[in-house]
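Worksheet: one structure, shown below.
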Amino acid sequence: MSKVFKGLFADSRLFRGLPDRVVDELAKAAVRREYGKGEMIFSQGDEGDSLYCVVSGRVRIDAIGLEGQEVFLNEMRPGDCFGELELLDGFPRTAGARATERSALLAIHRSFFLRLLNEERQLSAHCLALFCERMRWTISLYEDAAFLTSAARLAKRLLHLTTGPGGQADETLELEISQADLARFLGTSRKSVNRHLRDWKGRGWIAVARARLCIRDPHALRRLATGQDNGCEPPR
């Protein structure tokens with residue numbers, strides 16, 4: 001099984017490019033865990049004792065505000081790793097993680113990872129690169145809220161959720177998410193999200209059915225997200 005784990009770590013965004021000896025050590029220490037749809041992996045405030053890598057399925061990252069409101073932060077897909085912040089600083093989880101479909105994960109315990117981190121400089125460099133990526137992602141959320149129209153923000157997030165940060169896929173894309181969740185992800189109203197989706201559906205860019213959204217024209221959304229098309233911006 002460690003050979004299978006090695007392949008998964010070697011292809012993951014965090015560990016890709018590491019020497020074989022490091023990937024071997026990670027694979028030997030990894031524990032496979034499976035979760036059913038809707039099952040919690042950890043909750044906000046839990047002890048951060050493990051790093052996770054998604055093998056299959058999808059994992060949703062949420063935070064709960066002081067008044068009990070839920071904030072949708074991100075979605076992790078195969079090859080993504082999460083939980084690394086608390087793994088390193090030892091503080092409680094700043095957000096919760098839940099499987100949105102049947103999912104398989106690899107978990108690495110904190111004590112092992114810290115030891116390997118001290119021994120392997122390249123692993124430290126990989127972690128630093130991931131932190132920089134996450135920091136850029138956080139900054140981009142603030143920049144988008146300040147400078148992009150609500151339509152451009154929604155288009156950009158839909159592309160991110162279906163294709164990752166690059167959003168470069170050309171084929172039809174599907175996403176299982178409710179309009180209420182999209183609104184929480186963007187910090188806007190469900191009414192605003194609904195207006196944009198109805199407009200794009202009329203243009204043939206997307207198709208909507210219950211909680212499933214199909215992007216038929218990712219090029220059109222990409223142009224809108226990058227400011228090349230103003231779209232018919234409904235009121236916020």
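Just so we're on the same page: first chain in the structure tokens is A, next is B, and so on; residues restart at 1 for each chain, and ligands are numbered from 1 in the order they show up.
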Inset, instruction - Just the residues within 10 Å of Ala225 in chain A, please, counting only C-alpha atoms, with nothing from its chain fewer than 6 positions along; format it as a PyMOL selection string. - result: chain A and resi 144+148-159+219+231
Would you output that residue set with C-alpha atoms, as a JSON list (two decimals), in the first residue's frame?
```
[["chain", "number", "residue", "atom", "x", "y", "z"],
["A", 144, "ASP", "CA", -11.66, 40.84, -5.46],
["A", 148, "LEU", "CA", -14.27, 43.35, -8.93],
["A", 149, "THR", "CA", -17.97, 43.54, -9.71],
["A", 150, "SER", "CA", -20.15, 40.92, -8.08],
["A", 151, "ALA", "CA", -20.55, 39.21, -11.48],
["A", 152, "ALA", "CA", -16.76, 39.01, -12.00],
["A", 153, "ARG", "CA", -16.25, 37.69, -8.46],
["A", 154, "LEU", "CA", -18.85, 34.98, -8.97],
["A", 155, "ALA", "CA", -17.39, 33.97, -12.33],
["A", 156, "LYS", "CA", -13.89, 33.77, -10.85],
["A", 157, "ARG", "CA", -15.01, 31.64, -7.90],
["A", 158, "LEU", "CA", -16.96, 29.24, -10.11],
["A", 159, "LEU", "CA", -13.87, 28.69, -12.25],
["A", 219, "HIS", "CA", -14.28, 31.04, -21.85],
["A", 231, "GLY", "CA", -21.43, 41.20, -18.68]]
```
Legend entry - Residues within 8 Å of range 15-31 of chain A, only C-alpha atoms, excluding chain neighbours under 3 positions, as a VMD selection string: chain A and resid 2 to 3 5 to 6 9 to 12 106 to 109 112 120 122 to 123 126
Inset, instruction - Measuring atom to atom with only C-alpha atoms, identify which of A:Ala95, A:Leu186, A:Gly227, A:Ile215 is nearest to Gly65 in chain A. - result: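 The answer is A:Ala95, which sits nearest to Gly65 in chain A.
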Inset, instruction - Would you list, as a ChimeraX atom specification, the residues of range 7-233 of chain A that end up in helix (DSSP H, G or I) under DSSP run on this structure's backbone? - result: /A:7-11,20-29,84-89,110-119,121-147,150-163,179-186,190-203,218-225
Inset, instruction - Report the residues of range 1-151 of chain A whose backbone DSSP state falls under strand (DSSP E), written as a ChimeraX atom specification. - result: /A:31-35,40-42,50-56,59-64,70-76,81-82,96-99,103-109
Produce a file of the selected residues containing C-alpha atoms, as a PDB file, in the first residue's frame.
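Output file result.pdb is given in full below:
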```
ATOM      1  CA  VAL A  31      -2.650   6.467   7.315  1.00  0.00           C
ATOM      2  CA  ARG A  32      -5.601   6.110   4.934  1.00  0.00           C
ATOM      3  CA  ARG A  33      -8.934   7.355   6.259  1.00  0.00           C
ATOM      4  CA  GLU A  34     -12.317   7.217   4.553  1.00  0.00           C
ATOM      5  CA  TYR A  35     -15.299   9.514   5.132  1.00  0.00           C
ATOM      6  CA  MET A  40     -16.833  15.786   9.584  1.00  0.00           C
ATOM      7  CA  ILE A  41     -13.078  15.326   9.320  1.00  0.00           C
ATOM      8  CA  PHE A  42     -12.382  17.870  12.044  1.00  0.00           C
ATOM      9  CA  SER A  50      -2.576  15.840  11.422  1.00  0.00           C
ATOM     10  CA  LEU A  51      -1.964  16.982   7.861  1.00  0.00           C
ATOM     11  CA  TYR A  52      -4.383  15.631   5.250  1.00  0.00           C
ATOM     12  CA  CYS A  53      -4.039  14.922   1.545  1.00  0.00           C
ATOM     13  CA  VAL A  54      -7.117  14.235  -0.580  1.00  0.00           C
ATOM     14  CA  VAL A  55      -6.945  10.942  -2.470  1.00  0.00           C
ATOM     15  CA  SER A  56     -10.485  10.960  -3.852  1.00  0.00           C
ATOM     16  CA  VAL A  59     -13.594  18.281   1.184  1.00  0.00           C
ATOM     17  CA  ARG A  60     -15.228  21.557   2.118  1.00  0.00           C
ATOM     18  CA  ILE A  61     -13.477  24.017   4.457  1.00  0.00           C
ATOM     19  CA  ASP A  62     -15.814  26.185   6.580  1.00  0.00           C
ATOM     20  CA  ALA A  63     -15.476  28.618   9.466  1.00  0.00           C
ATOM     21  CA  ILE A  64     -18.128  29.661  11.982  1.00  0.00           C
ATOM     22  CA  GLU A  70     -21.124  29.859   8.386  1.00  0.00           C
ATOM     23  CA  VAL A  71     -18.450  31.050   5.959  1.00  0.00           C
ATOM     24  CA  PHE A  72     -17.500  28.819   3.021  1.00  0.00           C
ATOM     25  CA  LEU A  73     -13.724  29.205   2.621  1.00  0.00           C
ATOM     26  CA  ASN A  74     -12.572  26.645   0.071  1.00  0.00           C
ATOM     27  CA  GLU A  75     -12.974  23.193  -1.409  1.00  0.00           C
ATOM     28  CA  MET A  76     -10.175  20.630  -1.524  1.00  0.00           C
ATOM     29  CA  CYS A  81      -3.383  19.086   1.137  1.00  0.00           C
ATOM     30  CA  PHE A  82      -4.908  20.914   4.075  1.00  0.00           C
ATOM     31  CA  GLY A  96     -13.653  22.878  10.018  1.00  0.00           C
ATOM     32  CA  ALA A  97     -13.390  20.277   7.252  1.00  0.00           C
ATOM     33  CA  ARG A  98     -16.226  18.094   5.974  1.00  0.00           C
ATOM     34  CA  ALA A  99     -16.463  15.588   3.117  1.00  0.00           C
ATOM     35  CA  SER A 103     -13.813  10.742   0.205  1.00  0.00           C
ATOM     36  CA  ALA A 104     -10.512   9.043   0.949  1.00  0.00           C
ATOM     37  CA  LEU A 105      -7.685  10.953   2.643  1.00  0.00           C
ATOM     38  CA  LEU A 106      -4.136  10.299   3.731  1.00  0.00           C
ATOM     39  CA  ALA A 107      -3.241  11.607   7.186  1.00  0.00           C
ATOM     40  CA  ILE A 108       0.242  12.288   8.565  1.00  0.00           C
ATOM     41  CA  HIS A 109       0.641  12.884  12.293  1.00  0.00           C
TER      42      HIS A 109
END
```
Legend entry - Interatomic distance, CA of Asp49 in chain A to CA of Asn118 in chain A (Å, one decimal):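 So the two atoms, CA of Asp49 in chain A and CA of Asn118 in chain A, lie 17.1 Å apart.
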Legend entry - Shell around Ser178 in chain A at 9 Å using only C-alpha atoms, local window under 4 positions removed, as a PyMOL selection string: chain A and resi 182-183+210-213
Inset, instruction - Find the residues around Asp89 in chain A up to 12 Å (only C-alpha atoms counted), leave out those fewer than 3 positions away in its own chain, and share them as a list in words. - result: Glu47, Gly48, Asp49, Ser50, Gly83, Glu84, Leu85, Glu86, Pro92, Arg93, Thr94, Arg110, Ser111 and Leu114 of chain A
Would you write out those residues with C-alpha atoms, as a PDB file, in the first residue's frame?
```pdb
ATOM      1  CA  GLU A  47      -6.508  20.019  18.055  1.00  0.00           C
ATOM      2  CA  GLY A  48      -4.451  20.276  14.859  1.00  0.00           C
ATOM      3  CA  ASP A  49      -2.616  16.969  15.063  1.00  0.00           C
ATOM      4  CA  SER A  50      -2.576  15.840  11.422  1.00  0.00           C
ATOM      5  CA  GLY A  83      -4.497  21.319   7.816  1.00  0.00           C
ATOM      6  CA  GLU A  84      -0.833  22.295   7.553  1.00  0.00           C
ATOM      7  CA  LEU A  85      -1.099  25.576   9.500  1.00  0.00           C
ATOM      8  CA  GLU A  86      -2.158  24.000  12.804  1.00  0.00           C
ATOM      9  CA  PRO A  92      -6.492  24.735  17.451  1.00  0.00           C
ATOM     10  CA  ARG A  93      -8.086  24.430  14.018  1.00  0.00           C
ATOM     11  CA  THR A  94      -9.155  27.791  12.601  1.00  0.00           C
ATOM     12  CA  ARG A 110       2.204  16.081  13.566  1.00  0.00           C
ATOM     13  CA  SER A 111       5.079  14.506  15.529  1.00  0.00           C
ATOM     14  CA  LEU A 114       7.864  17.986  12.399  1.00  0.00           C
TER      15      LEU A 114
END
```
